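> Sharing a structure, written as structure tokens. Questions coming.
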Protein chains: 2
Amino acid sequence: MAKDFIGYQALTDQALRGVVRDALRRIEKSGLIGAHHFYLTFKTHHEGVDIPDFLKEQYPDEMTIIIQHQYWALKVKDDYFEVTLTFKKLPAPLHIPFAALTAFFDPGVQFGLQFRSEGDAKQQPAPVMVPPPEPEVAQAEEAPPVAAQPKPA
Amino acid sequence: MAKDFIGYQALTDQALRGVVRDALRRIEKSGLIGAHHFYLTFKTHHEGVDIPDFLKEQYPDEMTIIIQHQYWALKVKDDYFEVTLTFKKLPAPLHIPFAALTAFFDPGVQFGLQFRSEGDAKQQPAPVMVPPPEPEVAQAEEAPPVAAQPKPA
């Protein structure tokens, strides 16, 4: 196939991250209504991600958060959002750039999007941008891992 | 499935029409390079569409234009684009709102998008937003129909 000088995948990726931003903005403004709730998967070490260290250690690659019953201080800006969730009964403020997202899923209406993270752009062959048939997420809200893993030196 | 209070399909549809706008803007600025060329399908009677009457008569529902070798005066704005193409050797200026688009395809790199037109939003069950495997377009550039159809009274 010929070289893509236009960069459709990047344009599409950027446009669809905007859909997540728009959805979060509606929640920021009106709260979660109906059956809506959000699964957001992001690269924990992506540039600009600011989350507690224990989460970065527990999730050295990706982490999925759920915005459903208990969330606080949701703020949505052009390039990032902030939300406070509880992990092990403690509130944890999260600062997540949209560029760090790798997946979005709203099980309430079975709508999902998958992204490539910017850091993967040169490694992965192609992004996926269709709704996944099933959510492939790791529960990250208040549920500690089954076995505690030793910290890397 | 639960009611979608967020309106994901509308958000996605709007975001992906922006991809077409971005692609056209690059062509407007730099011209067509590489193997890129565009098939744009739109509702000929959508609000805001301004094309010669003979095209509206020839294509009473949808029409696909090709931006490849011969096009002039491409102007891309936030909500519409304008381009002059030749039909039967005569130049025809076209004014097409992005909201009138139902499909976009760049055969050069096999990238495509399909939209629902706004007028169809209440009639069609769901939009399609994945790249089509094959372009489904009707050649509309300089090629008259095989048989001339009588004009409706």
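Within each chain, counting starts at residue 1; across the structure tokens, chains are named A, B, ... in the order shown, with ligands numbered 1 upward in that order.
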Kindly provide, as a VMD selection string, the residues of chain B having any atom no farther than 9 Å from an atom of chain A, counting only C-alpha atoms.

chain B and resid 1 to 9 11 to 12 14 to 16 18 to 19 22 to 23 26 to 27 33 to 36 108 to 111 129 to 130

> Take the residues that were just selected and, keeping N, CA and C atoms, output them as an mmCIF file, in the first residue's frame.


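Okay, this is what ended up in result.cif:
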data_model
loop_
_atom_site.group_PDB
_atom_site.id
_atom_site.type_symbol
_atom_site.label_atom_id
_atom_site.label_comp_id
_atom_site.auth_asym_id
_atom_site.auth_seq_id
_atom_site.Cartn_x
_atom_site.Cartn_y
_atom_site.Cartn_z
ATOM 1 N N MET B 1 -30.756 -2.863 25.143
ATOM 2 C CA MET B 1 -29.652 -1.999 25.597
ATOM 3 C C MET B 1 -30.203 -0.687 26.148
ATOM 4 N N ALA B 2 -29.522 -0.155 27.121
ATOM 5 C CA ALA B 2 -30.001 1.051 27.781
ATOM 6 C C ALA B 2 -29.952 2.251 26.831
ATOM 7 N N LYS B 3 -30.740 3.236 27.160
ATOM 8 C CA LYS B 3 -30.776 4.451 26.349
ATOM 9 C C LYS B 3 -29.431 5.183 26.431
ATOM 10 N N ASP B 4 -28.986 5.681 25.295
ATOM 11 C CA ASP B 4 -27.719 6.406 25.235
ATOM 12 C C ASP B 4 -27.984 7.896 25.450
ATOM 13 N N PHE B 5 -27.786 8.343 26.668
ATOM 14 C CA PHE B 5 -28.027 9.755 26.977
ATOM 15 C C PHE B 5 -26.866 10.636 26.523
ATOM 16 N N ILE B 6 -25.746 10.008 26.251
ATOM 17 C CA ILE B 6 -24.567 10.780 25.865
ATOM 18 C C ILE B 6 -24.555 11.039 24.359
ATOM 19 N N GLY B 7 -25.129 10.132 23.609
ATOM 20 C CA GLY B 7 -25.162 10.328 22.160
ATOM 21 C C GLY B 7 -23.829 10.032 21.506
ATOM 22 N N TYR B 8 -23.308 8.861 21.812
ATOM 23 C CA TYR B 8 -21.979 8.504 21.296
ATOM 24 C C TYR B 8 -21.912 8.516 19.774
ATOM 25 N N GLN B 9 -22.965 8.017 19.142
ATOM 26 C CA GLN B 9 -22.880 7.930 17.679
ATOM 27 C C GLN B 9 -22.816 9.311 17.061
ATOM 28 N N LEU B 11 -21.592 11.980 18.542
ATOM 29 C CA LEU B 11 -20.262 12.509 18.868
ATOM 30 C C LEU B 11 -19.204 11.912 17.929
ATOM 31 N N THR B 12 -19.311 10.596 17.717
ATOM 32 C CA THR B 12 -18.334 9.922 16.859
ATOM 33 C C THR B 12 -18.470 10.379 15.415
ATOM 34 N N GLN B 14 -19.613 13.184 14.313
ATOM 35 C CA GLN B 14 -19.098 14.549 14.201
ATOM 36 C C GLN B 14 -17.565 14.551 14.215
ATOM 37 N N ALA B 15 -16.993 13.741 15.087
ATOM 38 C CA ALA B 15 -15.531 13.684 15.176
ATOM 39 C C ALA B 15 -14.927 13.171 13.876
ATOM 40 N N LEU B 16 -15.564 12.172 13.281
ATOM 41 C CA LEU B 16 -14.985 11.574 12.070
ATOM 42 C C LEU B 16 -15.203 12.454 10.835
ATOM 43 N N GLY B 18 -14.780 15.462 11.046
ATOM 44 C CA GLY B 18 -13.622 16.332 11.215
ATOM 45 C C GLY B 18 -12.361 15.741 10.599
ATOM 46 N N VAL B 19 -12.281 14.418 10.549
ATOM 47 C CA VAL B 19 -11.129 13.780 9.895
ATOM 48 C C VAL B 19 -11.135 14.096 8.397
ATOM 49 N N ASP B 22 -10.003 17.619 8.012
ATOM 50 C CA ASP B 22 -8.548 17.724 8.177
ATOM 51 C C ASP B 22 -7.818 17.235 6.923
ATOM 52 N N ALA B 23 -8.292 16.126 6.370
ATOM 53 C CA ALA B 23 -7.650 15.572 5.170
ATOM 54 C C ALA B 23 -7.773 16.553 4.003
ATOM 55 N N ARG B 26 -5.414 19.448 4.305
ATOM 56 C CA ARG B 26 -4.024 19.166 3.911
ATOM 57 C C ARG B 26 -3.863 19.249 2.397
ATOM 58 N N ILE B 27 -4.894 18.778 1.693
ATOM 59 C CA ILE B 27 -4.855 18.852 0.224
ATOM 60 C C ILE B 27 -4.967 20.304 -0.229
ATOM 61 N N ILE B 33 -0.570 14.522 -2.878
ATOM 62 C CA ILE B 33 0.750 13.919 -3.059
ATOM 63 C C ILE B 33 0.636 12.414 -2.872
ATOM 64 N N GLY B 34 1.645 11.720 -3.333
ATOM 65 C CA GLY B 34 1.621 10.261 -3.238
ATOM 66 C C GLY B 34 0.467 9.698 -4.040
ATOM 67 N N ALA B 35 -0.110 8.662 -3.532
ATOM 68 C CA ALA B 35 -1.206 7.980 -4.228
ATOM 69 C C ALA B 35 -2.576 8.477 -3.778
ATOM 70 N N HIS B 36 -2.582 9.502 -2.963
ATOM 71 C CA HIS B 36 -3.853 9.954 -2.389
ATOM 72 C C HIS B 36 -4.821 10.475 -3.448
ATOM 73 N N GLY B 108 -6.009 5.436 -2.389
ATOM 74 C CA GLY B 108 -4.551 5.409 -2.404
ATOM 75 C C GLY B 108 -3.963 4.682 -1.216
ATOM 76 N N VAL B 109 -4.642 4.814 -0.084
ATOM 77 C CA VAL B 109 -4.148 4.146 1.119
ATOM 78 C C VAL B 109 -5.238 3.292 1.773
ATOM 79 N N GLN B 110 -6.341 3.079 1.022
ATOM 80 C CA GLN B 110 -7.421 2.205 1.501
ATOM 81 C C GLN B 110 -7.962 2.662 2.853
ATOM 82 N N PHE B 111 -8.178 3.961 2.946
ATOM 83 C CA PHE B 111 -8.784 4.473 4.184
ATOM 84 C C PHE B 111 -10.168 5.015 3.870
ATOM 85 N N MET B 129 -18.995 3.192 10.939
ATOM 86 C CA MET B 129 -17.836 4.083 11.004
ATOM 87 C C MET B 129 -16.530 3.336 10.823
ATOM 88 N N VAL B 130 -16.586 2.229 10.122
ATOM 89 C CA VAL B 130 -15.359 1.489 9.878
ATOM 90 C C VAL B 130 -14.985 1.603 8.410
#

> Which residues, written as a PyMOL selection string, have at least one atom at most 9 Å from Ile67 in chain B, with only C-alpha atoms counted and residues fewer than 5 positions away on the same chain left out?

chain B and resi 32+37-40+83+85

> With N, CA and C atoms retained, could you export that selection as a tab-separated table (two decimals), in the first residue's frame?


chain	number	residue	atom	x	y	z
B	32	LEU	N	-2.47	17.24	-3.74
B	32	LEU	CA	-2.48	15.79	-3.59
B	32	LEU	C	-1.09	15.24	-3.84
B	37	HIS	N	-6.05	10.08	-3.34
B	37	HIS	CA	-7.16	10.76	-4.00
B	37	HIS	C	-8.44	10.43	-3.23
B	38	PHE	N	-9.43	11.27	-3.41
B	38	PHE	CA	-10.59	11.21	-2.52
B	38	PHE	C	-11.87	10.88	-3.27
B	39	TYR	N	-12.64	9.99	-2.73
B	39	TYR	CA	-14.02	9.76	-3.14
B	39	TYR	C	-14.91	10.31	-2.03
B	40	LEU	N	-15.73	11.25	-2.39
B	40	LEU	CA	-16.62	11.86	-1.39
B	40	LEU	C	-18.07	11.67	-1.82
B	83	VAL	N	-15.44	22.98	-4.13
B	83	VAL	CA	-14.49	22.53	-5.13
B	83	VAL	C	-15.17	22.62	-6.50
B	85	LEU	N	-15.35	20.91	-10.17
B	85	LEU	CA	-15.01	19.73	-10.97
B	85	LEU	C	-15.64	19.90	-12.35

> Could you tell me how far CA of Phe98 in chain A lies from CA of Ile51 in chain A, in Å and to one decimal?

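Answer for the CA of Phe98 in chain A to CA of Ile51 in chain A separation: 14.2 Å.
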
> What is the distance between CA of Phe81 in chain B and CA of Arg21 in chain B, in Å to one decimal?

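Computing it gives 8.1 Å between the two atoms.
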
> Just how far from CA of Ala100 in chain B is CA of Lys75 in chain B, in Å to one decimal?

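Distance between the two atoms: 16.2 Å.
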
> Can you tell me which residues surround Leu55 in chain B at a distance of at most 9 Å, considering only C-alpha atoms, apart from same-chain residues fewer than 6 positions away, and format the answer as a list in words?

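Selected residues are Thr44, Met63 and Phe87 of chain B.
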
> With N, CA, C and O atoms kept, could you save the residues just selected as an mmCIF file, in the first residue's frame?


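What landed in again07.cif:
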data_model
loop_
_atom_site.group_PDB
_atom_site.id
_atom_site.type_symbol
_atom_site.label_atom_id
_atom_site.label_comp_id
_atom_site.auth_asym_id
_atom_site.auth_seq_id
_atom_site.Cartn_x
_atom_site.Cartn_y
_atom_site.Cartn_z
ATOM 1 N N THR B 44 -27.337 14.764 -2.237
ATOM 2 C CA THR B 44 -27.434 15.923 -3.128
ATOM 3 C C THR B 44 -28.510 16.914 -2.705
ATOM 4 O O THR B 44 -28.456 18.087 -3.095
ATOM 5 N N MET B 63 -24.517 11.302 -4.493
ATOM 6 C CA MET B 63 -23.579 11.476 -5.596
ATOM 7 C C MET B 63 -22.172 11.328 -5.032
ATOM 8 O O MET B 63 -21.894 11.750 -3.911
ATOM 9 N N PHE B 87 -17.918 18.300 -15.376
ATOM 10 C CA PHE B 87 -18.896 17.295 -15.759
ATOM 11 C C PHE B 87 -19.277 17.591 -17.203
ATOM 12 O O PHE B 87 -19.696 18.719 -17.499
#
